[in-house]
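K.L.:
So here's final-v3.txt (compact mmCIF, C-alpha atoms and all ligand atoms).
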# COMPACT_ATOMS: atom_id res chain seq x y z
CA MET A 1 86.87 128.60 141.51
CA SER A 2 87.65 130.35 138.22
CA ARG A 3 89.45 128.48 135.51
CA ARG A 4 93.19 129.18 135.50
CA VAL A 5 94.62 130.09 132.11
CA LEU A 6 98.31 130.62 131.37
CA VAL A 7 99.28 132.56 128.26
CA ILE A 8 102.83 132.02 126.95
CA GLY A 9 103.99 135.24 125.26
CA GLY A 10 102.82 138.81 125.84
CA GLY A 11 102.71 139.88 122.21
CA ALA A 12 99.74 140.80 120.03
CA SER A 13 97.92 137.47 120.12
CA GLY A 14 98.86 136.73 123.74
CA LEU A 15 97.41 140.02 125.00
CA ALA A 16 94.22 139.52 122.94
CA ALA A 17 93.93 135.96 124.28
CA ALA A 18 94.48 137.10 127.87
CA ILE A 19 91.78 139.77 127.54
CA ALA A 20 89.27 137.36 125.99
CA ALA A 21 89.86 134.70 128.65
CA ALA A 22 89.68 137.23 131.51
CA GLU A 23 86.44 138.67 130.08
CA GLN A 24 84.98 135.17 130.40
CA GLY A 25 85.91 135.11 134.08
CA ALA A 26 89.14 133.11 133.93
CA ALA A 27 92.12 133.86 136.21
CA VAL A 28 94.75 134.73 133.61
CA THR A 29 98.54 134.98 133.85
CA VAL A 30 100.73 136.04 130.92
CA LEU A 31 104.33 134.74 130.96
CA GLU A 32 106.60 136.93 128.81
CA ARG A 33 110.32 136.21 128.39
CA LEU A 34 111.35 139.83 127.73
CA PRO A 35 111.44 142.54 130.43
CA ARG A 36 108.19 144.00 129.01
CA VAL A 37 105.21 142.88 126.96
CA GLY A 38 104.44 143.92 123.38
CA LYS A 39 107.90 144.94 122.15
CA LYS A 40 107.10 143.95 118.55
CA ILE A 41 103.81 145.88 118.52
CA LEU A 42 105.84 149.09 118.97
CA LEU A 43 107.76 148.39 115.74
CA THR A 44 104.78 147.53 113.56
CA GLY A 45 103.80 149.70 110.62
CA ASN A 46 107.01 151.74 111.05
CA GLY A 47 105.86 152.75 114.52
CA ARG A 48 102.29 153.50 113.34
CA CYS A 49 100.89 149.95 113.73
CA ASN A 50 98.85 148.85 110.77
CA LEU A 51 96.54 146.92 113.08
CA GLY A 52 94.09 145.48 110.59
CA HIS A 53 92.49 145.71 107.17
CA GLU A 54 88.94 146.59 106.11
CA GLU A 55 88.64 143.53 103.85
CA LEU A 56 90.23 140.35 105.13
CA LYS A 57 90.03 138.33 101.93
CA PRO A 58 91.22 134.72 102.40
CA ALA A 59 93.48 135.15 99.34
CA HIS A 60 95.73 137.35 101.50
CA TYR A 61 96.49 134.43 103.82
CA HIS A 62 98.79 131.44 103.26
CA GLY A 63 99.50 128.27 105.21
CA ARG A 64 97.84 125.04 106.18
CA TYR A 65 95.46 125.93 109.02
CA PRO A 66 92.08 125.43 107.38
CA HIS A 67 89.75 127.25 109.80
CA PHE A 68 91.31 130.73 109.62
CA ALA A 69 88.63 132.44 107.52
CA ASP A 70 85.90 131.64 110.03
CA ILE A 71 88.04 133.00 112.91
CA LEU A 72 88.76 136.24 111.02
CA ALA A 73 85.09 136.67 110.09
CA ASP A 74 84.05 136.14 113.71
CA PHE A 75 86.12 139.09 114.97
CA ASP A 76 85.60 142.85 114.58
CA THR A 77 88.96 144.61 115.01
CA LYS A 78 87.47 148.12 115.18
CA ALA A 79 84.86 147.12 117.78
CA PHE A 80 87.50 145.27 119.83
CA PHE A 81 89.74 148.33 120.05
CA ARG A 82 86.82 150.69 120.74
CA ARG A 83 85.99 148.55 123.74
CA LEU A 84 89.57 149.27 124.85
CA GLY A 85 89.08 153.02 124.26
CA LEU A 86 91.20 153.11 121.08
CA TYR A 87 89.79 154.53 117.85
CA THR A 88 91.03 153.65 114.38
CA ARG A 89 91.37 155.33 110.99
CA THR A 90 91.37 153.50 107.65
CA ASP A 91 93.47 154.72 104.70
CA SER A 92 92.41 154.72 101.03
CA GLU A 93 93.79 151.19 100.59
CA GLY A 94 91.79 149.75 103.48
CA ARG A 95 94.65 149.60 105.99
CA MET A 96 93.62 150.36 109.58
CA TYR A 97 95.76 152.44 111.95
CA PRO A 98 95.17 153.85 115.43
CA MET A 99 93.75 157.42 115.26
CA SER A 100 96.76 158.57 117.29
CA GLY A 101 99.06 157.33 114.50
CA MET A 102 101.22 155.73 117.22
CA ALA A 103 101.84 152.02 117.81
CA ALA A 104 102.50 152.84 121.48
CA SER A 105 98.84 153.76 121.97
CA VAL A 106 97.80 150.29 120.73
CA LEU A 107 100.06 148.60 123.25
CA ASP A 108 98.91 150.96 126.02
CA ALA A 109 95.25 150.22 125.25
CA LEU A 110 95.89 146.47 125.44
CA ARG A 111 97.90 146.72 128.64
CA PHE A 112 95.48 149.08 130.43
CA TYR A 113 92.47 146.95 129.56
CA ALA A 114 94.19 143.66 130.42
CA GLU A 115 95.11 145.12 133.82
CA GLN A 116 91.52 146.31 134.33
CA CYS A 117 90.32 142.77 133.63
CA GLY A 118 92.70 141.44 136.29
CA VAL A 119 95.24 139.84 133.95
CA GLN A 120 98.56 139.23 135.72
CA MET A 121 101.59 139.92 133.51
CA LEU A 122 104.88 138.33 134.59
CA CYS A 123 107.88 139.47 132.56
CA GLY A 124 111.34 137.91 132.38
CA MET A 125 109.67 134.46 132.33
CA GLN A 126 110.85 132.23 129.50
CA VAL A 127 108.79 129.06 129.26
CA THR A 128 111.10 126.08 128.83
CA ALA A 129 108.81 123.10 129.35
CA LEU A 130 105.16 122.15 129.22
CA LYS A 131 103.63 118.99 130.63
CA ARG A 132 100.15 117.64 131.19
CA GLU A 133 99.46 115.87 134.50
CA GLY A 134 95.91 114.56 134.38
CA ARG A 135 93.66 117.59 133.82
CA ILE A 136 96.36 120.08 134.83
CA TRP A 137 99.11 121.65 132.74
CA ARG A 138 102.47 122.35 134.35
CA VAL A 139 104.52 125.10 132.77
CA SER A 140 108.19 125.58 133.69
CA CYS A 141 110.21 128.76 133.36
CA GLY A 142 113.64 127.48 134.38
CA GLU A 143 113.40 126.97 138.15
CA ARG A 144 109.87 128.33 138.49
CA SER A 145 106.77 126.42 137.61
CA PHE A 146 103.10 127.28 137.23
CA SER A 147 100.01 125.15 136.86
CA ALA A 148 96.79 125.83 134.99
CA ASP A 149 93.64 124.27 133.57
CA ALA A 150 94.49 125.59 130.11
CA VAL A 151 97.57 126.95 128.36
CA ILE A 152 97.62 129.24 125.32
CA ALA A 153 100.89 129.24 123.38
CA ALA A 154 101.19 132.73 121.87
CA ALA A 155 104.97 132.91 121.57
CA GLY A 156 105.02 133.98 117.90
CA GLY A 157 107.34 132.51 115.30
CA ASP A 158 111.02 132.94 114.38
CA ALA A 159 110.85 136.34 112.68
CA ALA A 160 112.42 139.41 114.27
CA PRO A 161 114.36 137.60 117.03
CA SER A 162 115.27 140.94 118.65
CA CYS A 163 111.60 141.06 119.72
CA GLY A 164 111.89 137.81 121.70
CA THR A 165 110.67 135.63 118.84
CA ASP A 166 113.32 133.13 117.82
CA GLY A 167 111.18 130.03 117.52
CA ASN A 168 112.36 128.73 120.91
CA LEU A 169 108.91 127.47 121.95
CA PHE A 170 108.38 125.20 118.93
CA ALA A 171 110.56 122.43 120.40
CA VAL A 172 108.55 122.64 123.64
CA LEU A 173 105.29 122.53 121.67
CA ARG A 174 106.48 119.56 119.61
CA ALA A 175 107.26 117.67 122.81
CA ALA A 176 103.73 118.51 124.02
CA GLY A 177 102.08 116.96 120.94
CA CYS A 178 102.05 119.76 118.35
CA ARG A 179 102.78 119.03 114.70
CA VAL A 180 105.06 121.82 113.49
CA THR A 181 105.53 122.29 109.75
CA GLU A 182 108.67 123.64 108.07
CA ARG A 183 109.20 127.33 108.87
CA LYS A 184 110.57 129.99 106.52
CA PRO A 185 111.08 133.75 106.72
CA ALA A 186 108.30 135.71 104.97
CA LEU A 187 107.58 139.37 104.27
CA CYS A 188 111.26 139.96 103.62
CA PRO A 189 113.57 140.87 100.69
CA VAL A 190 114.27 138.22 98.05
CA PRO A 191 118.02 137.53 97.62
CA THR A 192 119.24 137.46 94.04
CA ASP A 193 122.48 137.65 92.01
CA PRO A 194 124.33 140.74 93.36
CA ALA A 195 125.81 141.33 89.90
CA LEU A 196 122.29 142.12 88.67
CA VAL A 197 121.15 144.37 91.50
CA LYS A 198 124.23 145.96 93.09
CA PRO A 199 124.70 148.51 90.28
CA LEU A 200 121.09 149.63 90.90
CA LYS A 201 121.39 149.80 94.71
CA GLY A 202 119.09 152.41 96.22
CA LEU A 203 116.87 152.81 93.15
CA ARG A 204 113.13 152.20 93.18
CA VAL A 205 110.83 151.51 90.26
CA ARG A 206 107.15 150.69 89.83
CA ALA A 207 106.82 147.24 88.34
CA ARG A 208 104.72 144.12 88.09
CA ALA A 209 106.75 141.51 89.93
CA SER A 210 105.95 137.83 89.48
CA ALA A 211 107.23 134.78 91.30
CA VAL A 212 108.00 132.17 88.64
CA VAL A 213 108.33 128.53 89.68
CA GLY A 214 109.20 125.80 87.20
CA GLY A 215 108.90 128.38 84.41
CA LYS A 216 105.33 129.38 85.34
CA PRO A 217 104.27 132.61 87.06
CA VAL A 218 102.49 131.61 90.29
CA ARG A 219 101.76 135.02 91.81
CA SER A 220 102.07 138.63 90.63
CA GLU A 221 102.09 141.87 92.57
CA THR A 222 102.24 145.42 91.24
CA GLY A 223 104.00 148.13 93.22
CA GLU A 224 107.34 149.66 94.06
CA VAL A 225 110.41 147.42 93.77
CA GLN A 226 113.62 148.48 95.50
CA PHE A 227 117.07 147.31 94.50
CA THR A 228 119.48 146.58 97.34
CA GLU A 229 123.05 145.27 97.31
CA GLN A 230 122.00 141.62 97.20
CA ALA A 231 118.23 141.51 96.92
CA LEU A 232 114.97 142.79 95.50
CA SER A 233 112.88 144.49 98.14
CA GLY A 234 109.71 146.57 98.60
CA ILE A 235 106.18 145.58 99.59
CA CYS A 236 105.44 143.61 96.44
CA MET A 237 108.63 141.60 96.88
CA PHE A 238 107.74 141.03 100.56
CA ASN A 239 104.46 139.50 99.41
CA LEU A 240 106.31 137.16 97.01
CA SER A 241 109.06 136.25 99.48
CA ARG A 242 107.35 133.19 101.01
CA ILE A 243 107.13 131.60 97.53
CA ALA A 244 110.81 132.37 96.94
CA ALA A 245 111.75 130.96 100.38
CA PHE A 246 109.84 127.69 99.94
CA ASN A 247 111.02 127.11 96.36
CA GLY A 248 114.61 128.38 96.68
CA LYS A 249 116.65 128.10 93.50
CA LYS A 250 113.68 126.64 91.60
CA ALA A 251 112.13 130.10 91.74
CA GLN A 252 112.84 133.26 89.80
CA ILE A 253 111.46 136.77 90.00
CA SER A 254 110.25 138.37 86.79
CA LEU A 255 109.97 142.16 86.59
CA ASN A 256 107.78 143.93 84.07
CA LEU A 257 108.84 147.59 84.15
CA LEU A 258 105.93 148.75 81.98
CA PRO A 259 102.94 147.26 83.81
CA GLU A 260 100.57 150.00 82.62
CA TYR A 261 100.92 149.00 78.97
CA THR A 262 99.97 146.04 76.82
CA GLU A 263 102.80 144.37 74.93
CA GLN A 264 101.77 146.09 71.69
CA GLU A 265 101.57 149.51 73.37
CA ALA A 266 105.01 148.98 74.89
CA ARG A 267 106.38 147.97 71.46
CA GLU A 268 105.03 151.17 69.92
CA ILE A 269 106.47 153.31 72.72
CA LEU A 270 109.88 151.71 72.24
CA ARG A 271 109.79 152.14 68.45
CA GLY A 272 108.80 155.79 68.92
CA LEU A 273 111.66 156.40 71.36
CA CYS A 274 114.18 154.74 69.03
CA LYS A 275 113.15 157.27 66.36
CA GLN A 276 112.87 160.31 68.64
CA ARG A 277 116.10 159.66 70.55
CA GLY A 278 118.08 157.81 67.91
CA ALA A 279 120.87 160.40 67.89
CA LEU A 280 121.24 160.40 71.70
CA PRO A 281 123.52 158.03 73.64
CA ALA A 282 121.64 154.74 74.18
CA ALA A 283 121.95 155.31 77.95
CA GLU A 284 119.36 158.10 77.49
CA LEU A 285 116.92 156.07 75.40
CA LEU A 286 114.60 155.12 78.28
CA SER A 287 115.22 158.02 80.68
CA GLY A 288 111.78 159.47 79.91
CA LEU A 289 110.20 156.20 81.07
CA LEU A 290 112.41 154.88 83.86
CA PRO A 291 115.12 156.11 86.24
CA LYS A 292 118.13 156.70 83.96
CA ARG A 293 120.41 154.10 85.58
CA ILE A 294 117.72 151.43 85.27
CA GLY A 295 117.04 152.26 81.60
CA GLU A 296 120.77 152.19 80.87
CA THR A 297 121.18 148.82 82.60
CA TRP A 298 118.33 147.27 80.62
CA VAL A 299 119.76 148.61 77.32
CA LYS A 300 123.16 147.13 78.26
CA ALA A 301 121.55 143.78 79.04
CA ALA A 302 119.84 143.75 75.64
CA CYS A 303 122.65 145.16 73.48
CA GLY A 304 125.82 144.39 75.44
CA THR A 305 126.65 148.12 75.76
CA ALA A 306 124.93 151.48 76.08
CA ASN A 307 127.96 153.45 74.81
CA ALA A 308 126.74 154.26 71.32
CA PRO A 309 123.90 156.25 69.80
CA ALA A 310 120.54 154.58 70.47
CA GLY A 311 119.65 154.56 66.76
CA GLU A 312 122.80 152.60 66.00
CA LEU A 313 122.43 150.00 68.76
CA LEU A 314 118.74 149.44 68.18
CA ARG A 315 118.49 149.94 64.47
CA ASP A 316 116.88 146.62 63.62
CA ALA A 317 113.59 145.19 64.86
CA ALA A 318 115.25 142.10 66.41
CA GLN A 319 117.32 144.26 68.80
CA GLN A 320 114.28 146.34 69.71
CA GLU A 321 112.35 143.13 70.40
CA ARG A 322 115.16 141.89 72.66
CA LEU A 323 114.97 145.09 74.72
CA LEU A 324 111.17 144.92 74.76
CA ALA A 325 111.27 141.34 76.06
CA LEU A 326 113.58 142.41 78.90
CA LEU A 327 111.43 145.41 79.76
CA LEU A 328 108.37 143.17 80.06
CA ASP A 329 109.98 140.11 81.63
CA ARG A 330 113.48 140.37 83.06
CA ARG A 331 114.33 137.36 85.19
CA PHE A 332 116.22 137.46 88.48
CA PRO A 333 117.30 134.11 89.97
CA VAL A 334 116.40 133.44 93.61
CA THR A 335 119.76 132.67 95.19
CA GLY A 336 118.78 131.82 98.75
CA GLN A 337 116.53 133.01 101.53
CA ALA A 338 116.62 136.10 103.72
CA SER A 339 117.35 135.67 107.43
CA PHE A 340 114.60 135.64 110.04
CA ALA A 341 116.09 138.90 111.31
CA GLN A 342 115.09 140.52 108.00
CA ALA A 343 111.59 139.00 108.03
CA GLN A 344 108.38 140.42 109.45
CA VAL A 345 106.61 137.07 109.80
CA THR A 346 107.10 133.31 109.80
CA ALA A 347 105.54 131.04 107.21
CA GLY A 348 104.81 127.59 108.67
CA GLY A 349 104.10 126.62 112.27
CA VAL A 350 101.68 124.50 114.27
CA GLN A 351 99.20 122.66 112.11
CA ASN A 352 97.17 120.13 114.13
CA LEU A 353 94.63 122.56 115.55
CA ASP A 354 90.86 122.31 115.65
CA PRO A 355 88.49 125.24 114.85
CA GLN A 356 88.92 126.56 118.42
CA LEU A 357 92.74 126.51 118.00
CA ALA A 358 93.00 123.64 120.49
CA VAL A 359 95.80 121.16 119.79
CA ILE A 360 94.06 118.03 118.56
CA GLY A 361 94.39 115.28 121.14
CA GLN A 362 95.86 117.59 123.83
CA ARG A 363 92.98 118.79 125.94
CA GLY A 364 93.49 122.32 127.34
CA LEU A 365 96.40 123.34 125.06
CA TYR A 366 95.79 126.11 122.50
CA VAL A 367 98.01 127.88 119.96
CA CYS A 368 97.33 131.28 118.39
CA GLY A 369 98.96 134.08 116.37
CA GLU A 370 102.06 133.63 114.27
CA ALA A 371 102.88 130.27 115.88
CA VAL A 372 100.04 128.79 113.79
CA ASP A 373 100.82 127.61 110.25
CA LEU A 374 99.27 130.75 108.78
CA ASP A 375 100.79 134.00 107.54
CA GLY A 376 99.29 137.03 105.86
CA ASP A 377 100.38 139.59 103.29
CA CYS A 378 101.57 143.10 104.14
CA GLY A 379 98.71 145.44 105.00
CA GLY A 380 97.50 144.64 108.52
CA TYR A 381 96.62 141.01 107.79
CA ASN A 382 99.02 139.52 110.34
CA LEU A 383 97.89 141.64 113.27
CA ALA A 384 94.25 141.00 112.28
CA TRP A 385 95.06 137.30 112.60
CA ALA A 386 96.90 137.83 115.91
CA TRP A 387 93.93 139.61 117.56
CA SER A 388 91.24 137.31 116.14
CA SER A 389 93.05 134.04 116.81
CA GLY A 390 94.04 135.25 120.28
CA ALA A 391 90.42 136.11 121.08
CA ARG A 392 89.19 132.73 119.77
CA ALA A 393 91.78 130.77 121.79
CA GLY A 394 91.21 132.91 124.89
CA ARG A 395 87.45 132.33 124.92
CA ALA A 396 87.87 128.61 124.30
CA ALA A 397 90.56 128.24 126.97
CA ALA A 398 88.26 129.97 129.48
CA GLY A 399 85.78 127.23 128.77
CA CYS A 400 83.43 129.14 126.52
CA LYS A 401 83.19 128.07 122.87
C1 LIG A 501 109.18 145.14 111.99
C2 LIG A 501 107.81 144.49 111.91
C3 LIG A 501 106.73 145.24 111.47
C4 LIG A 501 105.47 144.65 111.38
N1 LIG A 501 104.41 145.42 111.00
C5 LIG A 501 103.17 144.87 110.93
C6 LIG A 501 102.04 145.68 110.62
O1 LIG A 501 102.14 146.92 110.50
N2 LIG A 501 100.84 145.05 110.50
C7 LIG A 501 100.69 143.70 110.68
O2 LIG A 501 99.57 143.21 110.54
N3 LIG A 501 101.73 142.94 111.04
C8 LIG A 501 102.96 143.48 111.19
N4 LIG A 501 104.01 142.71 111.59
C9 LIG A 501 103.76 141.28 111.96
C10 LIG A 501 103.11 141.21 113.35
O3 LIG A 501 103.76 142.09 114.24
C11 LIG A 501 103.16 139.77 113.92
O4 LIG A 501 102.62 138.88 112.99
C12 LIG A 501 102.40 139.68 115.24
O5 LIG A 501 102.99 140.52 116.21
C13 LIG A 501 102.38 138.23 115.75
O6 LIG A 501 101.77 138.23 117.00
P1 LIG A 501 102.10 137.05 118.03
O7 LIG A 501 101.37 137.36 119.28
O8 LIG A 501 101.87 135.73 117.39
O9 LIG A 501 103.65 137.13 118.28
P2 LIG A 501 104.53 138.33 118.84
O10 LIG A 501 103.80 139.62 118.76
O11 LIG A 501 105.80 138.18 118.13
O12 LIG A 501 104.69 137.99 120.40
C14 LIG A 501 105.26 136.80 120.86
C15 LIG A 501 105.78 137.06 122.26
O13 LIG A 501 106.16 135.82 122.85
C16 LIG A 501 107.34 136.02 123.61
N5 LIG A 501 108.00 134.71 123.78
C17 LIG A 501 108.66 133.98 122.84
N6 LIG A 501 109.09 132.82 123.36
C18 LIG A 501 108.70 132.81 124.66
C19 LIG A 501 108.83 131.87 125.72
N7 LIG A 501 109.45 130.70 125.55
N8 LIG A 501 108.31 132.18 126.93
C20 LIG A 501 107.67 133.37 127.14
N9 LIG A 501 107.51 134.30 126.16
C21 LIG A 501 107.99 134.01 124.93
C22 LIG A 501 108.12 137.01 122.81
O14 LIG A 501 109.08 137.67 123.59
C23 LIG A 501 107.02 137.94 122.28
O15 LIG A 501 106.79 139.03 123.16
C24 LIG A 501 105.29 143.27 111.71
C25 LIG A 501 106.38 142.53 112.16
C26 LIG A 501 107.63 143.13 112.27
C27 LIG A 501 108.79 142.32 112.77
Would you mind giving the structure from this file in structure tokens?
Ligand SMILES: Cc1cc2nc3c(=O)[nH]c(=O)nc-3n(C[C@H](O)[C@H](O)[C@H](O)COP(=O)(O)OP(=O)(O)OC[C@H]3O[C@@H](n4cnc5c(N)ncnc54)[C@H](O)[C@@H]3O)c2cc1C
P.N.:
Amino acid sequence: MSRRVLVIGGGASGLAAAIAAAEQGAAVTVLERLPRVGKKILLTGNGRCNLGHEELKPAHYHGRYPHFADILADFDTKAFFRRLGLYTRTDSEGRMYPMSGMAASVLDALRFYAEQCGVQMLCGMQVTALKREGRIWRVSCGERSFSADAVIAAAGGDAAPSCGTDGNLFAVLRAAGCRVTERKPALCPVPTDPALVKPLKGLRVRARASAVVGGKPVRSETGEVQFTEQALSGICMFNLSRIAAFNGKKAQISLNLLPEYTEQEAREILRGLCKQRGALPAAELLSGLLPKRIGETWVKAACGTANAPAGELLRDAAQQERLLALLLDRRFPVTGQASFAQAQVTAGGVQNLDPQLAVIGQRGLYVCGEAVDLDGDCGGYNLAWAWSSGARAGRAAAGCK
């Protein structure tokens, strides 16, 4: 008789796990709480699904699961999807997308292939309990119960609860012997003092953004920063958000609005502008470098006002140095954390997993995808982890290491 494998969650990692287990000959059933599988996949990459990255450098991953690099290296995203009849295209930054440019075609490819392999997908089934009886696992979905030789928990994390992922399975997993670390929203805006950002709402600027903890920069990202009513946003802020979430008010964000220049070059540019534009209102001093409202706000922060000729406000070197310091390192306090509804992924999760993603000490129970204490940066790193960890857990659960 084939080995019976139950997969909890029909998202990215659950579908990859189901396919891998079925390819090894297991009888696989996916239990999905929503009326259909893969809802989140449809939203990824703004509907285009950034399904992987050419170079999966370990530095793009964070968390406490130590075996992730080996799992990523063991999996070929392009070859996996070709086997499913889906071709990919890679952009100039190494991000992989389906050739169709549509997330729906990724979900279709997974569903069609899973069906071809005989995977049974049961929707509207929320797993509420998990229990081992000898060599068998019993899984309850309210009144209904299922039994299996192995169970793969692929129910995601807490991010984007409208996609079925609200962290509900972690309590069940804890009761079944999983060690679950503290979870925080990641890949999300960083809340800051509204008085600093509200006047700039809607503006975008290229900057080097650094997360500063205990006065020291711990990570920097260069790219577009967006100002919202209460937060700093944009891809580079998303990549810093897990540091902000874990460190809370101990953290600050520093913005350098002239990342292309050395400090000395920036000083010379500023001196030159003070001469060239000395007769203009100070609000115009930086409008050849930055969006006008941003330049004006920085001048106000340095000089207290921008309602005077630039040459008057910035006539001495000390005032110019004050503005220069703010242009290169303006600090924004972290005032809290974004909600999971604003986050794309969860930082933190299940930690006590062996290299096959089996829960240590709980024979036949596996965890994969975002439920693991591992999260990636923006750029296809999280889906790459979902497919590769799903495939690893699926093969192992089917009895094939
Ligand atoms: C808006 C958005 C855009 C994103 N874009 C990208 C991108 O372009 N590239 C990228 O790499 N990553 C992206 N991500 C992140 C990526 O989608 C996730 O990391 C990935 O989907 C995680 O896969 P998973 O299988 O672990 O969980 P999910 O895909 O979240 O699937 C988990 C499934 O489990 C189900 N479930 C939950 N609890 C239960 C239960 N008790 N019983 C049964 N079923 C349950 C859920 O309904 C859900 O269908 C994005 C995320 C969001 C929110």
K.L.:
With only C-alpha atoms as the basis for distance, which of A:Ala325, A:Leu51, A:Ala371, A:Leu130 is at the shortest distance from Pro98 (chain A)?
P.N.:
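Nearest to Pro98 (chain A): A:Leu51.
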K.L.:
For the point (106.4, 145.2, 84.7) in file coordinates, what residues are within 7 Å, counting all atoms listed in the file? Give the answer as a list of chain:residue names?
P.N.:
A:Ala207, A:Arg208, A:Ala209, A:Leu255, A:Asn256, A:Leu257, A:Leu258, A:Pro259, A:Leu328, A:Asp329
K.L.:
Could you check which of A:Ala153, A:Val345, A:Ala245, A:Thr192 is closest to ligand LIG 501 (chain A), using only C-alpha atoms and all ligand atoms?
P.N.:
A:Val345
K.L.:
Could you check which of A:Leu290, A:Ile136, A:Cys163, A:Ala104 is closest to ligand LIG 501 (chain A), using only C-alpha atoms and all ligand atoms?
P.N.:
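Looking at the shortest contact to ligand LIG 501 (chain A), the residue is A:Cys163.
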K.L.:
Do you have the atom C2 of ligand LIG 501 (chain A)-CA of Gly124 (chain A) distance handy?
P.N.:
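Atom C2 of ligand LIG 501 (chain A) sits 21.8 Å away from CA of Gly124 (chain A).
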K.L.:
As a short mmCIF file (atom, residue, chain, number, x, y, z; two decimals) with C-alpha atoms, keeping the file's coordinate frame, please: the residues near Arg135 (chain A) (cut-off 10 Å, all atoms listed in the file, same-chain neighbours under 5 positions excluded).
P.N.:
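Printed below is selection02.cif as written:
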data_model
loop_
_atom_site.label_atom_id
_atom_site.label_comp_id
_atom_site.auth_asym_id
_atom_site.auth_seq_id
_atom_site.Cartn_x
_atom_site.Cartn_y
_atom_site.Cartn_z
CA ALA A 148 96.79 125.83 134.99
CA ASP A 149 93.64 124.27 133.57
CA ALA A 150 94.49 125.59 130.11
CA ARG A 363 92.98 118.79 125.94
CA GLY A 364 93.49 122.32 127.34
#
K.L.:
Between A:Trp387, A:Phe81, A:Phe246, A:Phe238, which one has atoms that come closest to Glu224 (chain A), using only C-alpha atoms?
P.N.:
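Residue with the minimum atom-to-atom distance to Glu224 (chain A): A:Phe238.
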K.L.:
Which of these residues is nearest to Glu93 (chain A), using only C-alpha atoms: A:Leu326, A:Glu55, A:Ser220, A:Thr228?
P.N.:
A:Glu55
K.L.:
Which residue, A:Lys184, A:Lys300, A:Arg204, A:Arg179, has the smallest gap to Gly248 (chain A) when you use only C-alpha atoms?
P.N.:
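Smallest distance to Gly248 (chain A) is found for A:Lys184.
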K.L.:
May I have the residues within 12 Å of Leu280 (chain A) as a ChimeraX atom specification, using only C-alpha atoms and disregarding those fewer than 5 positions away in the same chain?
P.N.:
/A:273-275,285-287,306-314
K.L.:
Tell me, as a PyMOL selection string, which residues lie within 6 Å of region 349-356 of chain A, counting only C-alpha atoms; anything in the same chain fewer than 4 positions away does not count.
P.N.:
chain A and resi 65+67+179-181+360+371-373
K.L.:
Can you tell me which residues surround Glu229 (chain A) at a distance of at most 7 Å, considering only C-alpha atoms, apart from same-chain residues fewer than 5 positions away, and format the answer as a list in words?
P.N.:
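Listing them by chain and then by number gives Pro194, Val197, Lys198 and Lys201 of chain A.
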